[in-house]
file final33.cif (mmCIF, C-alpha atoms and all ligand atoms)
data_start
loop_
_atom_site.label_atom_id
_atom_site.label_comp_id
_atom_site.auth_asym_id
_atom_site.auth_seq_id
_atom_site.Cartn_x
_atom_site.Cartn_y
_atom_site.Cartn_z
CA MET A 2 -53.83 -142.35 24.26
CA LEU A 3 -54.19 -146.09 23.88
CA ARG A 4 -52.77 -147.87 26.91
CA PRO A 5 -53.32 -151.18 28.70
CA TYR A 6 -56.18 -151.51 31.18
CA VAL A 7 -54.36 -151.12 34.52
CA ILE A 8 -55.27 -153.01 37.69
CA ILE A 9 -53.21 -152.19 40.79
CA VAL A 10 -53.29 -155.20 43.10
CA SER A 11 -51.81 -155.13 46.56
CA GLU A 12 -51.68 -156.79 49.94
CA VAL A 13 -52.09 -154.07 52.55
CA THR A 14 -52.21 -154.21 56.32
CA LEU A 15 -55.13 -152.65 58.17
CA ASP A 16 -52.94 -149.55 58.64
CA GLY A 17 -52.20 -149.37 54.92
CA LYS A 18 -48.63 -150.70 54.96
CA LEU A 19 -47.04 -152.87 52.31
CA THR A 20 -44.42 -154.49 54.48
CA LEU A 21 -43.05 -154.76 58.05
CA TYR A 22 -40.43 -151.99 57.84
CA ARG A 23 -38.68 -150.03 55.10
CA GLY A 24 -36.39 -152.41 53.27
CA ALA A 25 -38.20 -155.56 54.44
CA SER A 26 -39.49 -158.09 51.95
CA SER A 27 -43.29 -158.17 51.86
CA LYS A 28 -42.96 -161.95 51.61
CA GLU A 29 -42.58 -161.91 55.41
CA LEU A 30 -46.04 -160.39 55.87
CA MET A 31 -47.54 -162.53 53.14
CA SER A 32 -46.28 -165.71 54.78
CA PHE A 33 -49.51 -166.17 56.70
CA MET A 34 -51.78 -165.70 53.68
CA THR A 35 -53.83 -168.83 53.10
CA LYS A 36 -53.85 -170.96 49.98
CA ASP A 37 -57.25 -169.62 48.94
CA VAL A 38 -56.03 -166.03 49.22
CA TYR A 39 -53.06 -166.91 47.01
CA LYS A 40 -55.51 -168.49 44.58
CA TYR A 41 -57.34 -165.15 44.35
CA LEU A 42 -54.06 -163.30 43.70
CA HIS A 43 -52.80 -165.78 41.14
CA GLY A 44 -56.23 -165.90 39.50
CA ILE A 45 -55.75 -162.24 38.58
CA ARG A 46 -52.23 -162.93 37.28
CA ALA A 47 -53.66 -165.66 35.06
CA GLN A 48 -56.08 -163.22 33.44
CA VAL A 49 -53.72 -160.39 32.52
CA ASP A 50 -51.25 -159.98 29.66
CA GLY A 51 -48.57 -158.24 31.70
CA ILE A 52 -47.47 -157.95 35.32
CA MET A 53 -45.29 -155.16 36.70
CA VAL A 54 -43.38 -154.54 39.90
CA GLY A 55 -40.80 -151.86 40.55
CA CYS A 56 -37.12 -152.55 40.57
CA GLU A 57 -36.91 -152.08 44.34
CA THR A 58 -39.45 -154.86 44.83
CA VAL A 59 -37.33 -157.14 42.67
CA ARG A 60 -34.29 -156.30 44.80
CA THR A 61 -36.03 -156.76 48.20
CA ASP A 62 -38.66 -159.46 47.53
CA ASP A 63 -37.18 -161.36 44.58
CA PRO A 64 -40.68 -162.33 43.34
CA SER A 65 -41.28 -164.83 40.54
CA LEU A 66 -44.47 -163.13 39.29
CA THR A 67 -45.77 -166.40 37.86
CA VAL A 68 -49.10 -168.21 38.14
CA ARG A 69 -48.72 -171.11 40.57
CA TYR A 70 -51.85 -171.51 42.70
CA VAL A 71 -54.31 -171.80 39.80
CA GLU A 72 -54.13 -173.11 36.26
CA GLY A 73 -53.26 -170.45 33.73
CA LYS A 74 -50.75 -168.74 31.53
CA ASN A 75 -47.96 -166.66 33.03
CA PRO A 76 -48.17 -162.97 32.10
CA THR A 77 -45.19 -161.12 30.64
CA ARG A 78 -43.09 -159.67 33.46
CA ILE A 79 -42.31 -155.99 33.03
CA ILE A 80 -39.82 -154.35 35.38
CA PRO A 81 -39.09 -150.61 35.31
CA CYS A 82 -35.49 -150.15 36.40
CA SER A 83 -33.72 -146.92 35.47
CA THR A 84 -30.14 -148.22 35.61
CA ALA A 85 -30.96 -151.89 34.94
CA ASN A 86 -29.77 -152.65 38.46
CA VAL A 87 -31.41 -156.03 38.95
CA PRO A 88 -29.60 -159.03 40.45
CA PHE A 89 -28.68 -161.36 37.61
CA ASN A 90 -29.85 -164.37 39.65
CA ALA A 91 -33.31 -162.84 40.31
CA ASN A 92 -36.35 -165.09 39.96
CA ILE A 93 -37.79 -162.79 37.28
CA PHE A 94 -35.18 -164.24 34.90
CA SER A 95 -36.61 -167.75 35.18
CA LYS A 96 -37.63 -169.30 31.89
CA ASP A 97 -41.30 -169.68 32.95
CA ALA A 98 -42.36 -166.39 31.39
CA PRO A 99 -41.07 -163.64 29.13
CA THR A 100 -39.41 -160.74 30.95
CA ILE A 101 -38.95 -157.16 29.83
CA ILE A 102 -36.61 -154.87 31.74
CA VAL A 103 -37.55 -151.29 31.00
CA THR A 104 -34.59 -149.06 31.55
CA THR A 105 -33.32 -145.61 30.61
CA GLN A 106 -30.41 -144.08 28.78
CA ARG A 107 -28.55 -144.14 32.14
CA ALA A 108 -28.24 -147.94 32.10
CA PRO A 109 -24.65 -149.15 31.75
CA GLU A 110 -24.10 -151.03 28.48
CA GLU A 111 -22.57 -154.11 30.17
CA ARG A 112 -25.65 -154.59 32.42
CA VAL A 113 -27.97 -154.29 29.44
CA LYS A 114 -25.92 -156.88 27.58
CA LYS A 115 -25.87 -159.30 30.51
CA ILE A 116 -29.66 -159.01 30.91
CA GLN A 117 -30.13 -159.77 27.21
CA GLU A 118 -27.86 -162.80 27.59
CA LEU A 119 -30.14 -164.00 30.39
CA GLY A 120 -32.97 -164.06 27.84
CA ALA A 121 -34.83 -160.92 28.91
CA GLU A 122 -35.76 -158.14 26.57
CA ILE A 123 -34.63 -154.55 27.11
CA ILE A 124 -36.76 -151.51 26.34
CA ILE A 125 -35.20 -148.08 26.74
CA SER A 126 -37.71 -145.43 27.80
CA GLY A 127 -36.84 -142.17 29.50
CA GLU A 128 -33.72 -140.32 30.48
CA ASP A 129 -33.73 -140.27 34.27
CA LEU A 130 -36.57 -142.52 35.43
CA VAL A 131 -38.67 -144.82 33.25
CA ASP A 132 -41.17 -142.77 31.26
CA PHE A 133 -44.58 -144.39 31.69
CA GLN A 134 -46.27 -141.96 29.30
CA GLU A 135 -44.07 -143.37 26.55
CA LEU A 136 -44.00 -146.95 27.83
CA LEU A 137 -47.72 -147.66 28.23
CA PRO A 138 -48.75 -147.01 24.59
CA LEU A 139 -45.75 -149.08 23.54
CA LEU A 140 -46.87 -152.01 25.69
CA TYR A 141 -50.39 -151.68 24.29
CA LYS A 142 -49.07 -151.83 20.73
CA ARG A 143 -47.18 -155.00 21.63
CA GLY A 144 -50.38 -156.71 22.75
CA ILE A 145 -50.29 -155.99 26.50
CA ARG A 146 -53.93 -154.97 26.80
CA THR A 147 -54.30 -155.69 30.52
CA LEU A 148 -51.57 -154.87 33.01
CA MET A 149 -51.48 -155.90 36.66
CA VAL A 150 -49.31 -153.61 38.77
CA GLU A 151 -48.17 -155.27 42.01
CA GLY A 152 -46.32 -152.34 43.61
CA GLY A 153 -44.37 -151.19 45.39
CA ALA A 154 -45.32 -147.80 46.75
CA SER A 155 -43.25 -145.73 44.28
CA ILE A 156 -44.52 -147.49 41.17
CA ASN A 157 -48.09 -147.36 42.45
CA TRP A 158 -47.71 -143.58 42.91
CA GLU A 159 -46.38 -143.17 39.38
CA PHE A 160 -49.47 -144.87 37.92
CA ILE A 161 -51.83 -142.98 40.25
CA ARG A 162 -50.11 -139.62 39.62
CA LEU A 163 -50.44 -140.03 35.87
CA GLY A 164 -54.01 -141.29 36.12
CA PHE A 165 -52.99 -144.59 34.52
CA ILE A 166 -55.25 -146.72 36.67
CA ASP A 167 -58.60 -148.35 36.03
CA GLU A 168 -59.01 -150.66 39.01
CA LEU A 169 -57.61 -151.24 42.46
CA ARG A 170 -57.89 -154.64 44.12
CA LEU A 171 -56.81 -154.99 47.73
CA ILE A 172 -56.15 -157.98 49.91
CA HIS A 173 -56.47 -156.60 53.43
CA LEU A 174 -54.01 -158.38 55.69
CA PRO A 175 -55.70 -158.65 59.09
CA VAL A 176 -52.78 -157.10 60.99
CA VAL A 177 -51.45 -153.70 62.06
CA VAL A 178 -47.70 -153.14 61.84
CA GLY A 179 -47.24 -149.42 62.59
CA GLY A 180 -44.18 -147.33 61.76
CA GLU A 181 -44.01 -143.87 60.18
CA ASN A 182 -41.54 -144.67 57.44
CA VAL A 183 -42.96 -148.00 56.40
CA PRO A 184 -44.06 -147.98 52.72
CA THR A 185 -47.81 -147.61 52.31
CA LEU A 186 -49.97 -148.57 49.33
CA VAL A 187 -49.05 -145.37 47.49
CA GLY A 188 -45.85 -143.39 48.05
CA GLY A 189 -44.42 -140.44 46.15
CA GLU A 190 -45.20 -136.79 46.70
CA GLY A 191 -48.94 -137.16 47.17
CA PHE A 192 -51.55 -134.92 45.55
CA LYS A 193 -51.84 -132.45 48.45
CA SER A 194 -55.07 -131.13 46.94
CA LEU A 195 -58.66 -132.26 47.06
CA LYS A 196 -59.05 -131.28 43.41
CA LYS A 197 -56.45 -133.78 42.32
CA ILE A 198 -57.21 -136.88 44.37
CA ILE A 199 -58.66 -139.94 42.66
CA HIS A 200 -62.10 -141.12 43.66
CA PHE A 201 -63.00 -144.81 43.59
CA GLU A 202 -66.23 -146.73 43.56
CA ILE A 203 -66.41 -150.08 45.30
CA THR A 204 -67.43 -152.86 42.92
CA LYS A 205 -66.92 -156.00 45.02
CA HIS A 206 -66.12 -157.02 48.56
CA PHE A 207 -65.87 -160.44 50.04
CA ILE A 208 -63.98 -162.43 52.65
CA ILE A 209 -61.59 -165.30 52.02
CA ASP A 210 -60.73 -166.93 55.32
CA ASN A 211 -60.04 -163.89 57.54
CA PHE A 212 -58.90 -161.68 54.66
CA LEU A 213 -61.20 -158.97 53.35
CA ILE A 214 -60.91 -158.45 49.60
CA THR A 215 -62.07 -155.16 48.15
CA GLU A 216 -62.24 -154.24 44.47
CA TRP A 217 -62.53 -150.64 43.30
CA LYS A 218 -63.04 -148.88 39.98
CA VAL A 219 -61.81 -145.38 39.25
CA LYS A 220 -64.68 -142.92 39.44
CA THR A 221 -62.92 -139.61 38.87
CA LEU A 222 -59.36 -138.99 37.75
CA PRO A 223 -57.28 -136.07 39.02
CA LYS A 224 -57.89 -132.69 37.43
CA TYR A 225 -54.76 -130.93 36.21
N1 LIG B 1 -47.63 -155.80 49.96
C1 LIG B 1 -47.50 -155.76 48.65
O1 LIG B 1 -48.44 -156.06 47.91
C2 LIG B 1 -46.20 -155.32 48.05
C3 LIG B 1 -46.04 -155.40 46.67
C4 LIG B 1 -44.85 -154.95 46.12
C5 LIG B 1 -43.86 -154.43 46.93
N2 LIG B 1 -44.04 -154.38 48.26
C6 LIG B 1 -43.00 -153.80 49.13
O2 LIG B 1 -42.75 -152.47 48.70
C7 LIG B 1 -41.39 -152.13 48.97
C8 LIG B 1 -40.77 -151.57 47.73
O3 LIG B 1 -41.47 -150.42 47.33
P1 LIG B 1 -40.69 -149.13 46.81
O4 LIG B 1 -41.68 -148.05 46.72
O5 LIG B 1 -39.49 -148.93 47.67
O6 LIG B 1 -40.14 -149.56 45.38
P2 LIG B 1 -40.82 -150.05 44.01
O7 LIG B 1 -42.04 -149.23 43.73
O8 LIG B 1 -40.94 -151.52 44.00
O9 LIG B 1 -39.68 -149.68 42.95
C9 LIG B 1 -39.29 -148.33 42.80
C10 LIG B 1 -38.06 -148.30 41.94
O10 LIG B 1 -38.42 -148.44 40.57
C11 LIG B 1 -37.47 -147.77 39.77
N3 LIG B 1 -38.14 -146.85 38.86
C12 LIG B 1 -37.89 -146.75 37.53
N4 LIG B 1 -38.63 -145.83 36.95
C13 LIG B 1 -39.42 -145.31 37.91
C14 LIG B 1 -40.42 -144.29 37.90
N5 LIG B 1 -40.77 -143.62 36.80
N6 LIG B 1 -41.00 -143.99 39.08
C15 LIG B 1 -40.68 -144.65 40.21
N7 LIG B 1 -39.74 -145.62 40.28
C16 LIG B 1 -39.11 -145.95 39.12
C17 LIG B 1 -36.54 -147.02 40.75
O11 LIG B 1 -35.41 -147.86 40.98
P3 LIG B 1 -34.07 -147.59 40.16
O12 LIG B 1 -33.51 -146.32 40.74
O13 LIG B 1 -33.23 -148.77 40.35
O14 LIG B 1 -34.53 -147.37 38.78
C18 LIG B 1 -37.35 -146.97 42.02
O15 LIG B 1 -36.55 -146.90 43.18
C19 LIG B 1 -40.70 -153.40 49.42
O16 LIG B 1 -40.56 -153.38 50.82
C20 LIG B 1 -41.67 -154.50 49.02
O17 LIG B 1 -41.60 -155.60 49.91
C21 LIG B 1 -45.19 -154.83 48.84
#
call {"tool": "encode", "arguments": {"input": "final33.cif", "output": "structure tokens"}}
result
Amino acid sequence: MLRPYVIIVSEVTLDGKLTLYRGASSKELMSFMTKDVYKYLHGIRAQVDGIMVGCETVRTDDPSLTVRYVEGKNPTRIIPCSTANVPFNANIFSKDAPTIIVTTQRAPEERVKKIQELGAEIIISGEDLVDFQELLPLLYKRGIRTLMVEGGASINWEFIRLGFIDELRLIHLPVVVGGENVPTLVGGEGFKSLKKIIHFEITKHFIIDNFLITEWKVKTLPKY
């Protein structure tokens, strides 16, 4: 199957969390990231064709998903959202970059129409949740050859579960937040089996200010 090269990029605390508490915007935790760390993050955005975050991240964080700390072209924003339930004033509808809302047959017609009026494109894929097995080849065909996935936990799991991942790049936030129900890098059901887990090989590690950056390549995909 031809699909985009997928890089999952995330800011994670030392205890693996994505945010301060369930429902909190990760922007709070990211607020102490330095300019040079943002440059690293935006440098990746500038090199990819597409950038994806889950619908819940749009609702809680309201990210722009544009390139601002370095020079470069904004990637196409791709948002999986099964009922097209995105705030119409969300930053992802800014005119700085193309936006695709990927939704399902469950999306109400009036929301789809309103999103199209805002200038975003709609792709229908899947019946209940967005079907990534159908979506990824479609994105590839449309010229999205590299895709940066910026979370959250549920979307990361979906890519990991399906084995649609080539690289993982982590910005380790030098803090511990604790909390059992706080979203971690990867959510979902979990593999629950040593045979299925994904193995990674470290390709790079370096420090920017007090932030450790690690880059990983997939070594072995899950066996089904
Ligand atoms: N630190 C970081 O780098 C970082 C990055 C991103 C997010 N975050 C944090 O992560 C949290 C959000 O993570 P999350 O796991 O709750 O949500 P998420 O992964 O951002 O989005 C999940 C949502 O996507 C939609 N969806 C559509 N098709 C799907 C599919 N096939 N599989 C899974 N989801 C699908 C569903 O919403 P619908 O039911 O509406 O379709 C689902 O609830 C926030 O607190 C945010 O701040 C942190």
call {"tool": "closest_residue", "arguments": {"input": "final33.cif", "among": "A:Lys193, A:Lys115, A:His173, A:His200", "to": "A:Thr215", "atoms": "only C-alpha atoms"}}
result
A:His173
call {"tool": "residues_near_point", "arguments": {"input": "final33.cif", "point": "(-48.5, -138.1, 50.0)", "cutoff": "12 Å", "atoms": "only C-alpha atoms", "output": "ChimeraX atom specification"}}
result
/A:154-155,157-159,161-162,184-194,197-198
call {"tool": "write_last_selection", "arguments": {"input": "final33.cif", "atoms": "C-alpha atoms", "output": "compact mmCIF listing (two decimals), keeping the file's coordinate frame"}}
result
# COMPACT_ATOMS: atom_id res chain seq x y z
CA ALA A 154 -45.32 -147.80 46.75
CA SER A 155 -43.25 -145.73 44.28
CA ASN A 157 -48.09 -147.36 42.45
CA TRP A 158 -47.71 -143.58 42.91
CA GLU A 159 -46.38 -143.17 39.38
CA ILE A 161 -51.83 -142.98 40.25
CA ARG A 162 -50.11 -139.62 39.62
CA PRO A 184 -44.06 -147.98 52.72
CA THR A 185 -47.81 -147.61 52.31
CA LEU A 186 -49.97 -148.57 49.33
CA VAL A 187 -49.05 -145.37 47.49
CA GLY A 188 -45.85 -143.39 48.05
CA GLY A 189 -44.42 -140.44 46.15
CA GLU A 190 -45.20 -136.79 46.70
CA GLY A 191 -48.94 -137.16 47.17
CA PHE A 192 -51.55 -134.92 45.55
CA LYS A 193 -51.84 -132.45 48.45
CA SER A 194 -55.07 -131.13 46.94
CA LYS A 197 -56.45 -133.78 42.32
CA ILE A 198 -57.21 -136.88 44.37
call {"tool": "closest_atom_pairs", "arguments": {"input": "final33.cif", "of": "chain A", "to": "ligand LIG 1 (chain B)", "cutoff": "7 Å", "atoms": "all atoms listed in the file", "output": "Markdown table"}}
result
| residue | atom | partner | partner_atom | distance |
| --- | --- | --- | --- | --- |
| A:Val10 | CA | B:LIG1 | O1 | 6.9 |
| A:Ser11 | CA | B:LIG1 | O1 | 3.7 |
| A:Glu12 | CA | B:LIG1 | O1 | 3.9 |
| A:Val13 | CA | B:LIG1 | N1 | 5.4 |
| A:Leu19 | CA | B:LIG1 | N1 | 3.8 |
| A:Thr20 | CA | B:LIG1 | O16 | 5.4 |
| A:Arg23 | CA | B:LIG1 | O16 | 5.8 |
| A:Gly24 | CA | B:LIG1 | O16 | 4.9 |
| A:Ala25 | CA | B:LIG1 | O16 | 4.8 |
| A:Ser26 | CA | B:LIG1 | O17 | 3.8 |
| A:Ser27 | CA | B:LIG1 | O17 | 3.6 |
| A:Lys28 | CA | B:LIG1 | O17 | 6.7 |
| A:Val54 | CA | B:LIG1 | O8 | 5.6 |
| A:Gly55 | CA | B:LIG1 | O9 | 3.4 |
| A:Cys56 | CA | B:LIG1 | O10 | 4.3 |
| A:Glu57 | CA | B:LIG1 | O9 | 3.9 |
| A:Thr58 | CA | B:LIG1 | O8 | 3.8 |
| A:Val59 | CA | B:LIG1 | O8 | 6.8 |
| A:Thr61 | CA | B:LIG1 | C19 | 5.9 |
| A:Asp62 | CA | B:LIG1 | O17 | 5.4 |
| A:Pro81 | CA | B:LIG1 | C12 | 4.6 |
| A:Cys82 | CA | B:LIG1 | O14 | 3.8 |
| A:Ser83 | CA | B:LIG1 | O14 | 3.4 |
| A:Thr84 | CA | B:LIG1 | O14 | 5.5 |
| A:Ala85 | CA | B:LIG1 | O13 | 6.6 |
| A:Asn86 | CA | B:LIG1 | O13 | 5.5 |
| A:Leu130 | CA | B:LIG1 | N4 | 4.2 |
| A:Val131 | CA | B:LIG1 | N4 | 3.8 |
| A:Asp132 | CA | B:LIG1 | N5 | 5.6 |
| A:Phe133 | CA | B:LIG1 | N5 | 6.4 |
| A:Glu151 | CA | B:LIG1 | C3 | 5.1 |
| A:Gly152 | CA | B:LIG1 | C4 | 3.9 |
| A:Gly153 | CA | B:LIG1 | O7 | 3.5 |
| A:Ala154 | CA | B:LIG1 | O4 | 3.6 |
| A:Ser155 | CA | B:LIG1 | O4 | 3.7 |
| A:Ile156 | CA | B:LIG1 | O7 | 4.0 |
| A:Asn157 | CA | B:LIG1 | O7 | 6.5 |
| A:Glu159 | CA | B:LIG1 | N6 | 5.5 |
| A:Pro184 | CA | B:LIG1 | O2 | 6.2 |
| A:Gly188 | CA | B:LIG1 | O4 | 6.4 |
call {"tool": "write_last_selection", "arguments": {"input": "final33.cif", "atoms": "C-alpha atoms", "output": "mmCIF file, in the frame of the given file"}}
result
data_model
loop_
_atom_site.group_PDB
_atom_site.id
_atom_site.type_symbol
_atom_site.label_atom_id
_atom_site.label_comp_id
_atom_site.auth_asym_id
_atom_site.auth_seq_id
_atom_site.Cartn_x
_atom_site.Cartn_y
_atom_site.Cartn_z
ATOM 1 C CA VAL A 10 -53.290 -155.200 43.100
ATOM 2 C CA SER A 11 -51.810 -155.130 46.560
ATOM 3 C CA GLU A 12 -51.680 -156.790 49.940
ATOM 4 C CA VAL A 13 -52.090 -154.070 52.550
ATOM 5 C CA LEU A 19 -47.040 -152.870 52.310
ATOM 6 C CA THR A 20 -44.420 -154.490 54.480
ATOM 7 C CA ARG A 23 -38.680 -150.030 55.100
ATOM 8 C CA GLY A 24 -36.390 -152.410 53.270
ATOM 9 C CA ALA A 25 -38.200 -155.560 54.440
ATOM 10 C CA SER A 26 -39.490 -158.090 51.950
ATOM 11 C CA SER A 27 -43.290 -158.170 51.860
ATOM 12 C CA LYS A 28 -42.960 -161.950 51.610
ATOM 13 C CA VAL A 54 -43.380 -154.540 39.900
ATOM 14 C CA GLY A 55 -40.800 -151.860 40.550
ATOM 15 C CA CYS A 56 -37.120 -152.550 40.570
ATOM 16 C CA GLU A 57 -36.910 -152.080 44.340
ATOM 17 C CA THR A 58 -39.450 -154.860 44.830
ATOM 18 C CA VAL A 59 -37.330 -157.140 42.670
ATOM 19 C CA THR A 61 -36.030 -156.760 48.200
ATOM 20 C CA ASP A 62 -38.660 -159.460 47.530
ATOM 21 C CA PRO A 81 -39.090 -150.610 35.310
ATOM 22 C CA CYS A 82 -35.490 -150.150 36.400
ATOM 23 C CA SER A 83 -33.720 -146.920 35.470
ATOM 24 C CA THR A 84 -30.140 -148.220 35.610
ATOM 25 C CA ALA A 85 -30.960 -151.890 34.940
ATOM 26 C CA ASN A 86 -29.770 -152.650 38.460
ATOM 27 C CA LEU A 130 -36.570 -142.520 35.430
ATOM 28 C CA VAL A 131 -38.670 -144.820 33.250
ATOM 29 C CA ASP A 132 -41.170 -142.770 31.260
ATOM 30 C CA PHE A 133 -44.580 -144.390 31.690
ATOM 31 C CA GLU A 151 -48.170 -155.270 42.010
ATOM 32 C CA GLY A 152 -46.320 -152.340 43.610
ATOM 33 C CA GLY A 153 -44.370 -151.190 45.390
ATOM 34 C CA ALA A 154 -45.320 -147.800 46.750
ATOM 35 C CA SER A 155 -43.250 -145.730 44.280
ATOM 36 C CA ILE A 156 -44.520 -147.490 41.170
ATOM 37 C CA ASN A 157 -48.090 -147.360 42.450
ATOM 38 C CA GLU A 159 -46.380 -143.170 39.380
ATOM 39 C CA PRO A 184 -44.060 -147.980 52.720
ATOM 40 C CA GLY A 188 -45.850 -143.390 48.050
#
call {"tool": "closest_atom_pairs", "arguments": {"input": "final33.cif", "of": "stretch 137-216 of chain A", "to": "stretch 29-42 of chain A", "cutoff": "8 Å", "atoms": "all atoms listed in the file", "output": "Markdown table"}}
result
| residue | atom | partner | partner_atom | distance |
| --- | --- | --- | --- | --- |
| A:Leu174 | CA | A:Met34 | CA | 7.9 |
| A:Ile209 | CA | A:Val38 | CA | 6.3 |
| A:Asp210 | CA | A:Thr35 | CA | 7.5 |
| A:Phe212 | CA | A:Val38 | CA | 7.5 |
call {"tool": "closest_residue", "arguments": {"input": "final33.cif", "among": "A:Leu3, A:Leu163, A:Ala47, A:Val176", "to": "A:Lys142", "atoms": "only C-alpha atoms"}}
result
A:Leu3
call {"tool": "closest_residue", "arguments": {"input": "final33.cif", "among": "A:Met2, A:Leu222, A:Leu140, A:Val71", "to": "A:Ile166", "atoms": "all atoms listed in the file"}}
result
A:Leu222
call {"tool": "residues_around", "arguments": {"input": "final33.cif", "residues": "stretch 74-76 of chain A", "least_positions_apart": "5", "cutoff": "9 Å", "atoms": "all atoms listed in the file", "output": "PyMOL selection string"}}
result
chain A and resi 46-52+66-69+97-99+148
call {"tool": "atom_distance", "arguments": {"input": "final33.cif", "atom1": "atom CA of A:Thr204", "atom2": "atom CA of A:Ile45"}}
result
15.6 Å
call {"tool": "closest_residue", "arguments": {"input": "final33.cif", "among": "A:Asp63, A:Trp217, A:Val7, A:Lys18", "to": "A:Val177", "atoms": "all atoms listed in the file"}}
result
A:Lys18
call {"tool": "axis_aligned_box", "arguments": {"input": "final33.cif", "around": "stretch 43-59 of chain A", "padding_each_side": "8 Å", "output": "lines of an AutoDock Vina configuration file"}}
result
center_x = -46.6
center_y = -158.9
center_z = 37.2
size_x = 35.3
size_y = 30.0
size_z = 31.2
call {"tool": "atom_distance", "arguments": {"input": "final33.cif", "atom1": "atom CA of A:Ala121", "atom2": "atom CA of A:Ile93"}}
result
9.1 Å
call {"tool": "closest_residue", "arguments": {"input": "final33.cif", "among": "A:Leu21, A:Gly180, A:Phe165, A:Thr221", "to": "A:Leu195", "atoms": "all atoms listed in the file"}}
result
A:Thr221
call {"tool": "closest_residue", "arguments": {"input": "final33.cif", "among": "A:Glu181, A:Asn90, A:Pro64, A:Arg4", "to": "A:Leu139", "atoms": "all atoms listed in the file"}}
result
A:Arg4
call {"tool": "atom_distance", "arguments": {"input": "final33.cif", "atom1": "atom CA of A:Gly44", "atom2": "atom CA of A:Thr100"}}
result
19.6 Å
call {"tool": "build_atoms", "arguments": {"input": "final33.cif", "residues": "stretch 41-52 of chain A", "atoms": "N, CA and C atoms", "output": "mmCIF file, in the frame of the given file"}}
result
data_model
loop_
_atom_site.group_PDB
_atom_site.id
_atom_site.type_symbol
_atom_site.label_atom_id
_atom_site.label_comp_id
_atom_site.auth_asym_id
_atom_site.auth_seq_id
_atom_site.Cartn_x
_atom_site.Cartn_y
_atom_site.Cartn_z
ATOM 1 N N TYR A 41 -56.720 -166.394 44.834
ATOM 2 C CA TYR A 41 -57.340 -165.150 44.350
ATOM 3 C C TYR A 41 -56.294 -164.299 43.624
ATOM 4 N N LEU A 42 -55.126 -164.136 44.272
ATOM 5 C CA LEU A 42 -54.060 -163.300 43.700
ATOM 6 C C LEU A 42 -53.580 -163.873 42.364
ATOM 7 N N HIS A 43 -53.330 -165.163 42.353
ATOM 8 C CA HIS A 43 -52.800 -165.780 41.140
ATOM 9 C C HIS A 43 -53.866 -165.885 40.049
ATOM 10 N N GLY A 44 -55.133 -165.909 40.472
ATOM 11 C CA GLY A 44 -56.230 -165.900 39.500
ATOM 12 C C GLY A 44 -56.219 -164.614 38.686
ATOM 13 N N ILE A 45 -55.837 -163.514 39.324
ATOM 14 C CA ILE A 45 -55.750 -162.240 38.580
ATOM 15 C C ILE A 45 -54.550 -162.320 37.625
ATOM 16 N N ARG A 46 -53.431 -162.809 38.136
ATOM 17 C CA ARG A 46 -52.230 -162.930 37.280
ATOM 18 C C ARG A 46 -52.537 -163.731 36.014
ATOM 19 N N ALA A 47 -53.364 -164.769 36.190
ATOM 20 C CA ALA A 47 -53.660 -165.660 35.060
ATOM 21 C C ALA A 47 -54.540 -164.985 34.010
ATOM 22 N N GLN A 48 -55.160 -163.875 34.382
ATOM 23 C CA GLN A 48 -56.080 -163.220 33.440
ATOM 24 C C GLN A 48 -55.497 -162.016 32.722
ATOM 25 N N VAL A 49 -54.284 -161.601 33.116
ATOM 26 C CA VAL A 49 -53.720 -160.390 32.520
ATOM 27 C C VAL A 49 -52.614 -160.729 31.523
ATOM 28 N N ASP A 50 -52.323 -159.764 30.648
ATOM 29 C CA ASP A 50 -51.250 -159.980 29.660
ATOM 30 C C ASP A 50 -49.880 -159.666 30.261
ATOM 31 N N GLY A 51 -49.856 -158.662 31.137
ATOM 32 C CA GLY A 51 -48.570 -158.240 31.700
ATOM 33 C C GLY A 51 -48.671 -158.018 33.189
ATOM 34 N N ILE A 52 -47.526 -158.198 33.870
ATOM 35 C CA ILE A 52 -47.470 -157.950 35.320
ATOM 36 C C ILE A 52 -46.241 -157.098 35.592
#
